[in-house]
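Engineer: I'd like to ask some things about the structure below.
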Amino acid sequence: GFDNVVIDPTPLRQSGPQIVSTSYDDGEFSIVFKSRIGYTYNLLYSADLDEDFTEIDSDFEGDGSTLTYTDFFADGPEGFYKIEEVEAP
């Protein structure tokens, strides 16, 4: 049976930063995400999920607020962005 079940009340941490919003308008893509103090963020892009992601900007310093990145040269309304969250040393 279930005599030895242990429940851990610790909430699971979401993997990566929380995205607040995204938008695309006239060749510009913007992404807004929540940052955490003590972390830096890198933004990566790929035109196709079968291809590698390329870093397009890096070292956003987290300060606990929301951060915005705008890609002024977005190729179109389709593409894939990824945000890497890196704990500062």
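The way I read the labels, and the way they are meant: chains A, B, ... in the order of the structure tokens, residue 1 as the first residue of every chain, and ligand 1 as the first ligand shown, with later ones counted on from there.
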Hey, what does DSSP flag as strand (DSSP E or B) within stretch 36-68 of chain A? Can you give it to me as a CSV table (one decimal) with all heavy atoms, in the first residue's frame?
Structural biologist:
```
chain,number,residue,atom,x,y,z
A,39,TYR,N,21.5,36.7,-10.7
A,39,TYR,CA,21.5,35.9,-11.9
A,39,TYR,C,21.8,36.8,-13.1
A,39,TYR,O,21.4,38.0,-13.0
A,39,TYR,CB,20.2,35.2,-12.1
A,39,TYR,CG,20.0,34.0,-11.2
A,39,TYR,CD1,19.5,34.3,-9.9
A,39,TYR,CD2,20.2,32.7,-11.5
A,39,TYR,CE1,19.3,33.2,-9.0
A,39,TYR,CE2,20.0,31.7,-10.7
A,39,TYR,CZ,19.6,31.9,-9.4
A,39,TYR,OH,19.4,30.9,-8.5
A,40,THR,N,22.3,36.3,-14.1
A,40,THR,CA,22.4,37.0,-15.4
A,40,THR,C,21.7,36.2,-16.4
A,40,THR,O,21.4,35.0,-16.3
A,40,THR,CB,23.9,37.2,-15.9
A,40,THR,OG1,24.5,35.9,-16.0
A,40,THR,CG2,24.7,38.0,-14.9
A,41,TYR,N,21.3,36.9,-17.5
A,41,TYR,CA,20.5,36.3,-18.5
A,41,TYR,C,21.1,36.5,-19.9
A,41,TYR,O,21.6,37.5,-20.2
A,41,TYR,CB,19.1,36.9,-18.5
A,41,TYR,CG,18.4,36.7,-17.1
A,41,TYR,CD1,18.6,37.6,-16.1
A,41,TYR,CD2,17.7,35.5,-16.9
A,41,TYR,CE1,18.1,37.3,-14.8
A,41,TYR,CE2,17.1,35.3,-15.7
A,41,TYR,CZ,17.3,36.2,-14.6
A,41,TYR,OH,16.8,35.9,-13.4
A,42,ASN,N,21.0,35.4,-20.7
A,42,ASN,CA,21.4,35.4,-22.1
A,42,ASN,C,20.2,35.1,-23.0
A,42,ASN,O,19.4,34.3,-22.7
A,42,ASN,CB,22.5,34.4,-22.4
A,42,ASN,CG,23.7,34.6,-21.4
A,42,ASN,OD1,24.1,35.7,-21.2
A,42,ASN,ND2,24.2,33.5,-20.9
A,43,LEU,N,20.1,35.8,-24.1
A,43,LEU,CA,19.0,35.6,-25.1
A,43,LEU,C,19.5,34.9,-26.3
A,43,LEU,O,20.5,35.3,-26.9
A,43,LEU,CB,18.4,36.9,-25.5
A,43,LEU,CG,17.1,36.8,-26.3
A,43,LEU,CD1,15.9,36.2,-25.4
A,43,LEU,CD2,16.7,38.1,-26.9
A,44,LEU,N,18.9,33.8,-26.7
A,44,LEU,CA,19.3,33.0,-27.8
A,44,LEU,C,18.1,33.0,-28.8
A,44,LEU,O,17.0,33.1,-28.5
A,44,LEU,CB,19.7,31.6,-27.4
A,44,LEU,CG,20.9,31.6,-26.5
A,44,LEU,CD1,20.4,31.5,-25.0
A,44,LEU,CD2,21.7,30.4,-26.8
A,45,TYR,N,18.5,32.7,-30.1
A,45,TYR,CA,17.5,32.7,-31.2
A,45,TYR,C,17.8,31.5,-32.1
A,45,TYR,O,18.9,31.2,-32.4
A,45,TYR,CB,17.5,34.0,-32.0
A,45,TYR,CG,16.6,33.9,-33.2
A,45,TYR,CD1,15.2,34.2,-33.1
A,45,TYR,CD2,17.1,33.7,-34.5
A,45,TYR,CE1,14.4,34.1,-34.2
A,45,TYR,CE2,16.3,33.6,-35.6
A,45,TYR,CZ,14.9,33.8,-35.4
A,45,TYR,OH,14.1,33.7,-36.5
A,46,SER,N,16.7,30.9,-32.7
A,46,SER,CA,16.9,30.0,-33.7
A,46,SER,C,15.7,30.1,-34.7
A,46,SER,O,14.5,30.3,-34.2
A,46,SER,CB,16.9,28.5,-33.2
A,46,SER,OG,16.9,27.6,-34.3
A,54,THR,N,21.5,30.5,-31.4
A,54,THR,CA,22.6,31.4,-31.5
A,54,THR,C,22.4,32.5,-30.4
A,54,THR,O,21.3,33.1,-30.4
A,54,THR,CB,22.7,32.1,-32.9
A,54,THR,OG1,22.9,31.0,-33.8
A,54,THR,CG2,23.9,33.0,-32.9
A,55,GLU,N,23.4,32.8,-29.7
A,55,GLU,CA,23.3,33.9,-28.7
A,55,GLU,C,23.2,35.2,-29.4
A,55,GLU,O,24.1,35.5,-30.2
A,55,GLU,CB,24.5,33.9,-27.7
A,55,GLU,CG,24.4,34.8,-26.6
A,55,GLU,CD,25.5,34.6,-25.6
A,55,GLU,OE1,25.5,33.7,-24.8
A,55,GLU,OE2,26.5,35.4,-25.7
A,56,ILE,N,22.2,36.0,-29.1
A,56,ILE,CA,22.1,37.3,-29.8
A,56,ILE,C,22.3,38.5,-28.8
A,56,ILE,O,22.5,39.6,-29.2
A,56,ILE,CB,20.7,37.5,-30.5
A,56,ILE,CG1,19.5,37.2,-29.6
A,56,ILE,CG2,20.7,36.5,-31.7
A,56,ILE,CD1,18.2,37.5,-30.2
A,57,ASP,N,22.2,38.2,-27.5
A,57,ASP,CA,22.6,39.2,-26.5
A,57,ASP,C,22.9,38.5,-25.2
A,57,ASP,O,22.3,37.4,-25.0
A,57,ASP,CB,21.5,40.2,-26.3
A,57,ASP,CG,22.0,41.6,-25.9
A,57,ASP,OD1,23.1,41.7,-25.4
A,57,ASP,OD2,21.3,42.6,-26.1
A,58,SER,N,23.7,39.1,-24.4
A,58,SER,CA,24.1,38.3,-23.1
A,58,SER,C,24.3,39.3,-22.0
A,58,SER,O,24.4,40.5,-22.2
A,58,SER,CB,25.3,37.5,-23.4
A,58,SER,OG,26.4,38.3,-23.7
A,59,ASP,N,24.4,38.7,-20.8
A,59,ASP,CA,24.8,39.4,-19.6
A,59,ASP,C,23.8,40.5,-19.1
A,59,ASP,O,24.2,41.5,-18.6
A,59,ASP,CB,26.2,40.0,-19.7
A,59,ASP,CG,27.3,38.9,-19.9
A,59,ASP,OD1,27.1,37.8,-19.4
A,59,ASP,OD2,28.3,39.1,-20.6
A,60,PHE,N,22.5,40.2,-19.3
A,60,PHE,CA,21.5,41.0,-18.7
A,60,PHE,C,21.7,40.7,-17.2
A,60,PHE,O,21.5,39.6,-16.8
A,60,PHE,CB,20.1,40.7,-19.1
A,60,PHE,CG,19.7,41.1,-20.4
A,60,PHE,CD1,19.9,40.2,-21.5
A,60,PHE,CD2,19.1,42.3,-20.7
A,60,PHE,CE1,19.5,40.6,-22.8
A,60,PHE,CE2,18.7,42.6,-21.9
A,60,PHE,CZ,18.9,41.8,-23.0
A,61,GLU,N,21.9,41.7,-16.4
A,61,GLU,CA,22.0,41.5,-14.9
A,61,GLU,C,20.6,41.6,-14.3
A,61,GLU,O,19.8,42.5,-14.5
A,61,GLU,CB,22.9,42.6,-14.3
A,61,GLU,CG,24.3,42.4,-14.6
A,61,GLU,CD,25.2,43.2,-13.8
A,61,GLU,OE1,24.9,43.5,-12.6
A,61,GLU,OE2,26.2,43.7,-14.4
A,66,THR,N,11.3,43.4,-13.8
A,66,THR,CA,11.1,42.8,-15.1
A,66,THR,C,12.1,43.5,-16.0
A,66,THR,O,12.4,44.6,-15.9
A,66,THR,CB,9.7,43.0,-15.6
A,66,THR,OG1,9.4,44.4,-15.6
A,66,THR,CG2,8.7,42.3,-14.8
A,67,LEU,N,12.7,42.7,-16.9
A,67,LEU,CA,13.6,43.1,-17.9
A,67,LEU,C,13.0,43.0,-19.3
A,67,LEU,O,12.2,42.1,-19.5
A,67,LEU,CB,14.9,42.3,-17.9
A,67,LEU,CG,15.7,42.4,-16.6
A,67,LEU,CD1,16.9,41.5,-16.6
A,67,LEU,CD2,16.1,43.8,-16.2
A,68,THR,N,13.3,43.9,-20.2
A,68,THR,CA,12.8,43.8,-21.6
A,68,THR,C,14.0,43.7,-22.6
A,68,THR,O,14.9,44.5,-22.4
A,68,THR,CB,12.0,45.1,-21.9
A,68,THR,OG1,10.9,45.2,-21.0
A,68,THR,CG2,11.4,45.0,-23.3
```
Engineer: With only C-alpha atoms as the counted atoms, please give the residues lying no more than 12 Å from stretch 20-22 of chain A, apart from itself and same-chain residues fewer than 5 positions off, as a PDB file with C-alpha atoms, in the first residue's frame.
Structural biologist:
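The new file selection-v2.pdb reads:
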```pdb
ATOM      1  CA  GLU A  28      10.678  44.159 -33.901  1.00  0.00           C
ATOM      2  CA  PHE A  29      10.220  41.359 -31.365  1.00  0.00           C
ATOM      3  CA  SER A  30      10.126  42.174 -27.650  1.00  0.00           C
ATOM      4  CA  ILE A  31      10.159  39.853 -24.679  1.00  0.00           C
ATOM      5  CA  VAL A  32       9.558  40.898 -21.070  1.00  0.00           C
ATOM      6  CA  PHE A  33      10.634  38.557 -18.279  1.00  0.00           C
ATOM      7  CA  LYS A  34      11.063  38.574 -14.511  1.00  0.00           C
ATOM      8  CA  SER A  35      14.644  38.604 -13.305  1.00  0.00           C
ATOM      9  CA  SER A  65      12.498  43.564 -11.653  1.00  0.00           C
ATOM     10  CA  THR A  66      11.119  42.804 -15.098  1.00  0.00           C
ATOM     11  CA  LEU A  67      13.615  43.142 -17.937  1.00  0.00           C
ATOM     12  CA  THR A  68      12.812  43.815 -21.584  1.00  0.00           C
ATOM     13  CA  TYR A  69      14.788  42.727 -24.611  1.00  0.00           C
ATOM     14  CA  THR A  70      13.900  43.980 -28.087  1.00  0.00           C
ATOM     15  CA  ASP A  71      15.239  42.329 -31.234  1.00  0.00           C
ATOM     16  CA  PRO A  77       6.726  36.729 -36.909  1.00  0.00           C
ATOM     17  CA  PHE A  80      12.242  30.736 -31.485  1.00  0.00           C
ATOM     18  CA  TYR A  81      13.790  32.585 -28.578  1.00  0.00           C
TER      19      TYR A  81
END
```
Engineer: Taking into account only C-alpha atoms, which residue in the set A:Ala74, A:Asp25, A:Gly79, A:Gly62 is nearest to A:Asp48?
Structural biologist: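 Among the listed residues, A:Gly79 lies closest to A:Asp48.
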Engineer: In Å to one decimal, how far is atom CA of A:Tyr24 from atom CA of A:Glu84?
Structural biologist: 20.7 Å
Engineer: Using only C-alpha atoms, which of the listed residues (A:Ile19, A:Asp75, A:Glu85, A:Leu49) sits closest to A:Arg36?
Structural biologist: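 Nearest to A:Arg36: A:Glu85.
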Engineer: Of the candidates A:Gly27, A:Gly38, A:Gly16, A:Pro89, which one gets nearest to A:Gly64 if we count only C-alpha atoms?
Structural biologist: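 The closest residue to A:Gly64 is A:Gly38.
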